[in-house]
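S.K.: Sharing query35.pdb (PDB, C-alpha atoms, pLDDT in the B column) below.
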```pdb
ATOM      1  CA  MET A   1       0.000   0.000   0.000  1.00 90.00           C
ATOM      2  CA  ASN A   2       2.806   2.378   0.811  1.00 93.00           C
ATOM      3  CA  PHE A   3       4.276   1.886  -2.646  1.00 95.00           C
ATOM      4  CA  PHE A   4       1.012   2.920  -4.304  1.00 95.00           C
ATOM      5  CA  ARG A   5       0.628   5.867  -1.937  1.00 95.00           C
ATOM      6  CA  ARG A   6       3.937   7.161  -3.306  1.00 96.00           C
ATOM      7  CA  HIS A   7       3.392   5.946  -6.901  1.00 96.00           C
ATOM      8  CA  PRO A   8      -0.334   5.909  -7.739  1.00 95.00           C
ATOM      9  CA  GLU A   9       0.516   6.082 -11.446  1.00 95.00           C
ATOM     10  CA  ARG A  10       2.107   2.616 -11.397  1.00 95.00           C
ATOM     11  CA  LEU A  11       0.259  -0.461 -12.628  1.00 94.00           C
ATOM     12  CA  PHE A  12      -1.447  -2.642 -10.029  1.00 96.00           C
ATOM     13  CA  ILE A  13      -1.244  -6.045 -11.723  1.00 93.00           C
ATOM     14  CA  VAL A  14      -3.066  -8.913 -10.042  1.00 94.00           C
ATOM     15  CA  PRO A  15      -2.903 -12.546 -11.213  1.00 89.00           C
ATOM     16  CA  ASN A  16      -6.643 -13.227 -10.876  1.00 88.00           C
ATOM     17  CA  PRO A  17      -9.835 -11.745  -9.444  1.00 90.00           C
ATOM     18  CA  ASP A  18     -10.580 -14.683  -7.123  1.00 89.00           C
ATOM     19  CA  GLY A  19     -11.864 -13.483  -3.750  1.00 90.00           C
ATOM     20  CA  TYR A  20     -11.126 -16.762  -1.992  1.00 86.00           C
ATOM     21  CA  TRP A  21      -9.885 -20.282  -2.569  1.00 80.00           C
ATOM     22  CA  PRO A  22     -10.800 -23.509  -0.805  1.00 76.00           C
ATOM     23  CA  SER A  23      -8.351 -26.014   0.616  1.00 72.00           C
ATOM     24  CA  PRO A  24      -9.699 -29.435  -0.363  1.00 66.00           C
ATOM     25  CA  SER A  25      -7.713 -31.201   2.350  1.00 72.00           C
ATOM     26  CA  SER A  26      -8.680 -28.983   5.310  1.00 78.00           C
ATOM     27  CA  GLY A  27     -11.993 -27.560   4.158  1.00 75.00           C
ATOM     28  CA  ILE A  28     -10.961 -24.019   5.127  1.00 85.00           C
ATOM     29  CA  PHE A  29     -10.813 -21.021   2.815  1.00 86.00           C
ATOM     30  CA  GLY A  30      -8.008 -18.574   2.116  1.00 88.00           C
ATOM     31  CA  ILE A  31      -8.144 -15.037   0.768  1.00 93.00           C
ATOM     32  CA  GLY A  32      -7.440 -15.021  -2.959  1.00 90.00           C
ATOM     33  CA  ALA A  33      -5.381 -12.553  -4.963  1.00 92.00           C
ATOM     34  CA  GLY A  34      -8.463 -10.613  -6.051  1.00 94.00           C
ATOM     35  CA  GLY A  35      -9.740 -10.353  -2.484  1.00 96.00           C
ATOM     36  CA  GLN A  36      -6.387  -9.036  -1.322  1.00 96.00           C
ATOM     37  CA  ALA A  37      -6.245  -6.575  -4.229  1.00 97.00           C
ATOM     38  CA  ARG A  38      -9.720  -5.222  -3.496  1.00 97.00           C
ATOM     39  CA  CYS A  39      -8.795  -4.798   0.183  1.00 97.00           C
ATOM     40  CA  ILE A  40      -5.684  -2.807  -0.787  1.00 97.00           C
ATOM     41  CA  GLN A  41      -7.736  -0.803  -3.285  1.00 97.00           C
ATOM     42  CA  LEU A  42     -10.362   0.052  -0.658  1.00 97.00           C
ATOM     43  CA  ILE A  43      -7.835   1.124   1.966  1.00 97.00           C
ATOM     44  CA  LEU A  44      -5.984   3.274  -0.561  1.00 97.00           C
ATOM     45  CA  LYS A  45      -9.273   4.871  -1.593  1.00 97.00           C
ATOM     46  CA  GLU A  46      -9.863   5.811   2.060  1.00 97.00           C
ATOM     47  CA  MET A  47      -6.430   7.485   1.900  1.00 96.00           C
ATOM     48  CA  GLY A  48      -7.426   9.414  -1.230  1.00 97.00           C
ATOM     49  CA  VAL A  49      -5.471   7.241  -3.689  1.00 97.00           C
ATOM     50  CA  GLU A  50      -7.464   5.787  -6.581  1.00 96.00           C
ATOM     51  CA  ILE A  51      -5.956   2.733  -8.271  1.00 96.00           C
ATOM     52  CA  GLU A  52      -7.585   0.136 -10.495  1.00 94.00           C
ATOM     53  CA  PRO A  53      -6.268  -3.443 -10.541  1.00 95.00           C
ATOM     54  CA  ILE A  54      -5.416  -5.031 -13.871  1.00 93.00           C
ATOM     55  CA  TYR A  55      -6.354  -8.697 -13.730  1.00 91.00           C
ATOM     56  CA  LEU A  56      -4.416 -11.080 -15.962  1.00 89.00           C
ATOM     57  CA  GLY A  57      -5.945 -14.385 -14.943  1.00 88.00           C
ATOM     58  CA  LYS A  58      -9.206 -16.175 -15.467  1.00 91.00           C
ATOM     59  CA  PRO A  59     -11.834 -15.112 -16.454  1.00 92.00           C
ATOM     60  CA  HIS A  60     -10.113 -12.130 -18.077  1.00 92.00           C
ATOM     61  CA  ALA A  61      -9.081 -12.304 -21.724  1.00 92.00           C
ATOM     62  CA  ALA A  62      -5.326 -11.778 -21.272  1.00 91.00           C
ATOM     63  CA  ILE A  63      -4.588 -15.334 -20.148  1.00 93.00           C
ATOM     64  CA  TYR A  64      -6.541 -16.863 -23.028  1.00 93.00           C
ATOM     65  CA  GLU A  65      -4.990 -14.529 -25.600  1.00 93.00           C
ATOM     66  CA  HIS A  66      -1.581 -15.473 -24.255  1.00 93.00           C
ATOM     67  CA  THR A  67      -2.479 -19.158 -24.557  1.00 92.00           C
ATOM     68  CA  LEU A  68      -3.223 -18.706 -28.255  1.00 94.00           C
ATOM     69  CA  TYR A  69      -0.002 -16.733 -28.698  1.00 94.00           C
ATOM     70  CA  GLU A  70       2.061 -19.462 -26.987  1.00 94.00           C
ATOM     71  CA  LEU A  71       0.481 -22.260 -29.013  1.00 94.00           C
ATOM     72  CA  GLU A  72       1.382 -20.485 -32.218  1.00 95.00           C
ATOM     73  CA  ARG A  73       4.866 -19.508 -31.009  1.00 94.00           C
ATOM     74  CA  ARG A  74       5.806 -22.932 -29.665  1.00 94.00           C
ATOM     75  CA  PHE A  75       4.091 -25.229 -32.133  1.00 94.00           C
ATOM     76  CA  GLY A  76       3.597 -23.054 -35.209  1.00 94.00           C
ATOM     77  CA  VAL A  77      -0.110 -23.692 -35.195  1.00 90.00           C
ATOM     78  CA  LEU A  78      -3.067 -21.579 -34.190  1.00 92.00           C
ATOM     79  CA  PRO A  79      -5.977 -23.944 -33.554  1.00 91.00           C
ATOM     80  CA  GLU A  80      -9.567 -22.820 -33.612  1.00 93.00           C
ATOM     81  CA  PRO A  81     -10.375 -21.725 -30.019  1.00 94.00           C
ATOM     82  CA  GLU A  82     -13.183 -24.281 -29.667  1.00 95.00           C
ATOM     83  CA  ARG A  83     -10.579 -27.051 -30.195  1.00 94.00           C
ATOM     84  CA  ILE A  84      -8.848 -25.998 -26.955  1.00 95.00           C
ATOM     85  CA  LEU A  85     -10.174 -27.583 -23.765  1.00 96.00           C
ATOM     86  CA  MET A  86     -10.059 -25.460 -20.624  1.00 95.00           C
ATOM     87  CA  LEU A  87     -10.523 -27.650 -17.550  1.00 95.00           C
ATOM     88  CA  GLY A  88     -11.150 -26.057 -14.182  1.00 92.00           C
ATOM     89  CA  ASP A  89     -13.176 -26.261 -10.997  1.00 90.00           C
ATOM     90  CA  SER A  90     -14.776 -22.814 -10.906  1.00 90.00           C
ATOM     91  CA  LEU A  91     -17.831 -21.678 -12.847  1.00 94.00           C
ATOM     92  CA  ALA A  92     -16.982 -18.020 -12.221  1.00 91.00           C
ATOM     93  CA  SER A  93     -13.385 -18.035 -13.401  1.00 91.00           C
ATOM     94  CA  ASP A  94     -12.526 -21.215 -15.326  1.00 93.00           C
ATOM     95  CA  VAL A  95     -15.769 -21.931 -17.178  1.00 96.00           C
ATOM     96  CA  ARG A  96     -16.770 -18.302 -17.729  1.00 96.00           C
ATOM     97  CA  GLY A  97     -13.310 -17.385 -19.006  1.00 96.00           C
ATOM     98  CA  ALA A  98     -13.147 -20.343 -21.374  1.00 97.00           C
ATOM     99  CA  ASN A  99     -16.616 -19.631 -22.727  1.00 98.00           C
ATOM    100  CA  ARG A 100     -15.814 -15.946 -23.239  1.00 97.00           C
ATOM    101  CA  ALA A 101     -12.661 -16.903 -25.157  1.00 96.00           C
ATOM    102  CA  GLY A 102     -14.530 -19.407 -27.326  1.00 97.00           C
ATOM    103  CA  PHE A 103     -12.644 -22.376 -25.822  1.00 97.00           C
ATOM    104  CA  THR A 104     -14.411 -25.611 -24.911  1.00 98.00           C
ATOM    105  CA  SER A 105     -15.108 -25.386 -21.196  1.00 98.00           C
ATOM    106  CA  ALA A 106     -14.951 -28.371 -18.869  1.00 97.00           C
ATOM    107  CA  LEU A 107     -15.774 -28.375 -15.183  1.00 97.00           C
ATOM    108  CA  VAL A 108     -14.294 -30.815 -12.686  1.00 96.00           C
ATOM    109  CA  LEU A 109     -16.333 -31.260  -9.521  1.00 93.00           C
ATOM    110  CA  THR A 110     -13.612 -30.996  -6.861  1.00 79.00           C
ATOM    111  CA  GLY A 111     -15.438 -29.021  -4.201  1.00 69.00           C
ATOM    112  CA  ILE A 112     -15.631 -25.413  -5.366  1.00 80.00           C
ATOM    113  CA  THR A 113     -18.609 -26.190  -7.566  1.00 89.00           C
ATOM    114  CA  THR A 114     -21.272 -28.668  -6.510  1.00 89.00           C
ATOM    115  CA  PRO A 115     -23.234 -30.805  -8.974  1.00 94.00           C
ATOM    116  CA  GLU A 116     -26.312 -28.684  -8.176  1.00 95.00           C
ATOM    117  CA  MET A 117     -24.481 -25.457  -8.987  1.00 94.00           C
ATOM    118  CA  ALA A 118     -23.240 -26.936 -12.271  1.00 96.00           C
ATOM    119  CA  ALA A 119     -26.739 -28.112 -13.210  1.00 96.00           C
ATOM    120  CA  ASN A 120     -28.153 -24.633 -12.561  1.00 97.00           C
ATOM    121  CA  ALA A 121     -25.404 -22.703 -14.367  1.00 97.00           C
ATOM    122  CA  ASP A 122     -26.455 -20.827 -17.464  1.00 97.00           C
ATOM    123  CA  GLY A 123     -25.099 -18.438 -20.034  1.00 97.00           C
ATOM    124  CA  GLU A 124     -21.349 -17.967 -19.941  1.00 97.00           C
ATOM    125  CA  PHE A 125     -21.205 -19.896 -16.648  1.00 98.00           C
ATOM    126  CA  ARG A 126     -22.518 -23.138 -18.210  1.00 98.00           C
ATOM    127  CA  PRO A 127     -19.774 -25.723 -18.792  1.00 98.00           C
ATOM    128  CA  GLY A 128     -19.578 -27.630 -22.036  1.00 97.00           C
ATOM    129  CA  LEU A 129     -18.439 -30.774 -20.213  1.00 97.00           C
ATOM    130  CA  ILE A 130     -18.586 -31.907 -16.575  1.00 97.00           C
ATOM    131  CA  PHE A 131     -16.290 -34.453 -14.902  1.00 96.00           C
ATOM    132  CA  ASP A 132     -16.476 -35.903 -11.398  1.00 93.00           C
ATOM    133  CA  SER A 133     -12.668 -35.983 -11.159  1.00 88.00           C
ATOM    134  CA  ILE A 134      -9.546 -36.015 -13.305  1.00 85.00           C
ATOM    135  CA  ALA A 135      -8.399 -39.385 -11.950  1.00 77.00           C
TER     136      ALA A 135
END
```
For this file, write the structure as C-alpha cells.

M.R.:
Amino acid sequence: MNFFRRHPERLFIVPNPDGYWPSPSSGIFGIGAGGQARCIQLILKEMGVEIEPIYLGKPHAAIYEHTLYELERRFGVLPEPERILMLGDSLASDVRGANRAGFTSALVLTGITTPEMAANADGEFRPGLIFDSIA
C-alpha cells in the first residue's frame, strides 16, 4: 500500500480476481489474490489514492490470448479456439473465461462447484463438459 501511496501512477497487476480459494484437504478457505487486491484498493481509496487493478488471470481475456499466442509460437499452429479444452473447478473463473474466449469449457467437480451449482449454471457460466474428477 505504501508503494502505491507514493506511486499511484504505477500499474497494479493482479494474477486473478478470485476473492477466496478452498483447501480441499482442510476444508478451510483462504483469501485469494483478487480479495487481497480489493482490500488494498479500498484502503488506498480511504487514503485518497485511486488505483484500479489489472487482472491477468481467469476469467479475463489476457490469459486466453496469451495461450493462443504461446500455441502459435511454440508449435507453429493456431488452432480454432473451440478445439482448446479449458478444464477447471470454478464456474466463475474457469468456465466463464473459457466460454468468453470461445474455448471448450470443462468443469471438474472438486469441491468449489457442486453438482447442483453446475446443473443450474447458465449463459457464460454453463460448462460444455462436466467431470467428477480427473483421476

S.K.: Quick one: everything within 12 Å of Ile54 (chain A), counting only C-alpha atoms, minus sequence neighbours fewer than 6 positions away in the same chain. Send it as a PyMOL selection string.

M.R.: chain A and resi 10-17+33-34+37-38+41+60-62

S.K.: For the structure provided, state which residues fall under the PyMOL selection byres ((chain A and resi 128-133) around 8), and present them as a VMD selection string.

M.R.: chain A and resid 104 to 110 126 to 127 134 to 135

S.K.: What is the CA of Tyr20 (chain A)-CA of Asp94 (chain A) distance in Å, reported with one decimal?

M.R.: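 Distance between the two atoms: 14.1 Å.
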
S.K.: Kindly assemble as a tab-separated table a list of the region 32-95 of chain A residues that lie within 9 Å of region 115-125 of chain A, each paired with its nearest atom pair and their distance in Å to one decimal, using all atoms listed in the file, sorted first by chain and then by ascending residue number.

M.R.:
```
residue	atom	partner	partner_atom	distance
A:Leu91	CA	A:Phe125	CA	5.4
A:Ala92	CA	A:Phe125	CA	6.4
A:Ser93	CA	A:Phe125	CA	8.7
A:Asp94	CA	A:Phe125	CA	8.9
A:Val95	CA	A:Phe125	CA	5.8
```

S.K.: Selected residues, C-alpha atoms, written as an mmCIF file, in the coordinates of the input, please.

M.R.:
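Dumped everything to again-v5.cif:
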```cif
data_model
loop_
_atom_site.group_PDB
_atom_site.id
_atom_site.type_symbol
_atom_site.label_atom_id
_atom_site.label_comp_id
_atom_site.auth_asym_id
_atom_site.auth_seq_id
_atom_site.Cartn_x
_atom_site.Cartn_y
_atom_site.Cartn_z
ATOM 1 C CA LEU A 91 -17.831 -21.678 -12.847
ATOM 2 C CA ALA A 92 -16.982 -18.020 -12.221
ATOM 3 C CA SER A 93 -13.385 -18.035 -13.401
ATOM 4 C CA ASP A 94 -12.526 -21.215 -15.326
ATOM 5 C CA VAL A 95 -15.769 -21.931 -17.178
#
```

S.K.: Would you translate the PyMOL selection byres ((chain A and resi 44) around 12) into the concrete set of residues it matches in this file, as a PyMOL selection string?

M.R.: chain A and resi 1-8+37-43+45-52

S.K.: To verify the selection step, state as a PDB file with C-alpha atoms, in the frame of the given file which residues the PyMOL selection byres ((chain A and resi 103) around 6) yields on this input.

M.R.:
```
ATOM      1  CA  PRO A  81     -10.375 -21.725 -30.019  1.00 94.00           C
ATOM      2  CA  GLU A  82     -13.183 -24.281 -29.667  1.00 95.00           C
ATOM      3  CA  ILE A  84      -8.848 -25.998 -26.955  1.00 95.00           C
ATOM      4  CA  ALA A  98     -13.147 -20.343 -21.374  1.00 97.00           C
ATOM      5  CA  ASN A  99     -16.616 -19.631 -22.727  1.00 98.00           C
ATOM      6  CA  ALA A 101     -12.661 -16.903 -25.157  1.00 96.00           C
ATOM      7  CA  GLY A 102     -14.530 -19.407 -27.326  1.00 97.00           C
ATOM      8  CA  THR A 104     -14.411 -25.611 -24.911  1.00 98.00           C
TER       9      THR A 104
END
```

S.K.: Can you work out the spacing between CA of Pro79 (chain A) and CA of Pro59 (chain A) in Å, to one decimal?

M.R.: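 These two atoms are separated by 20.1 Å.
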
S.K.: What is the distance, in Å and to one decimal place, between CA of Leu85 (chain A) and CA of Pro22 (chain A)?

M.R.: 23.3 Å

S.K.: Calculated over all atoms listed in the file, which of the candidates A:Met86, A:Gly30, A:Glu9, A:Ile112 has the smallest distance to Ile63 (chain A)?

M.R.: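 Smallest separation from Ile63 (chain A) among the options: A:Met86.
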
S.K.: Report as AutoDock Vina command-line options the centre and the edge lengths, in Å to one decimal, of the axis-aligned box holding every listed atom of region 51-67 of chain A, padded by 5 Å on each side.

M.R.:
```
--center_x -6.7 --center_y -8.2 --center_z -16.9 --size_x 20.3 --size_y 31.9 --size_z 27.3
```
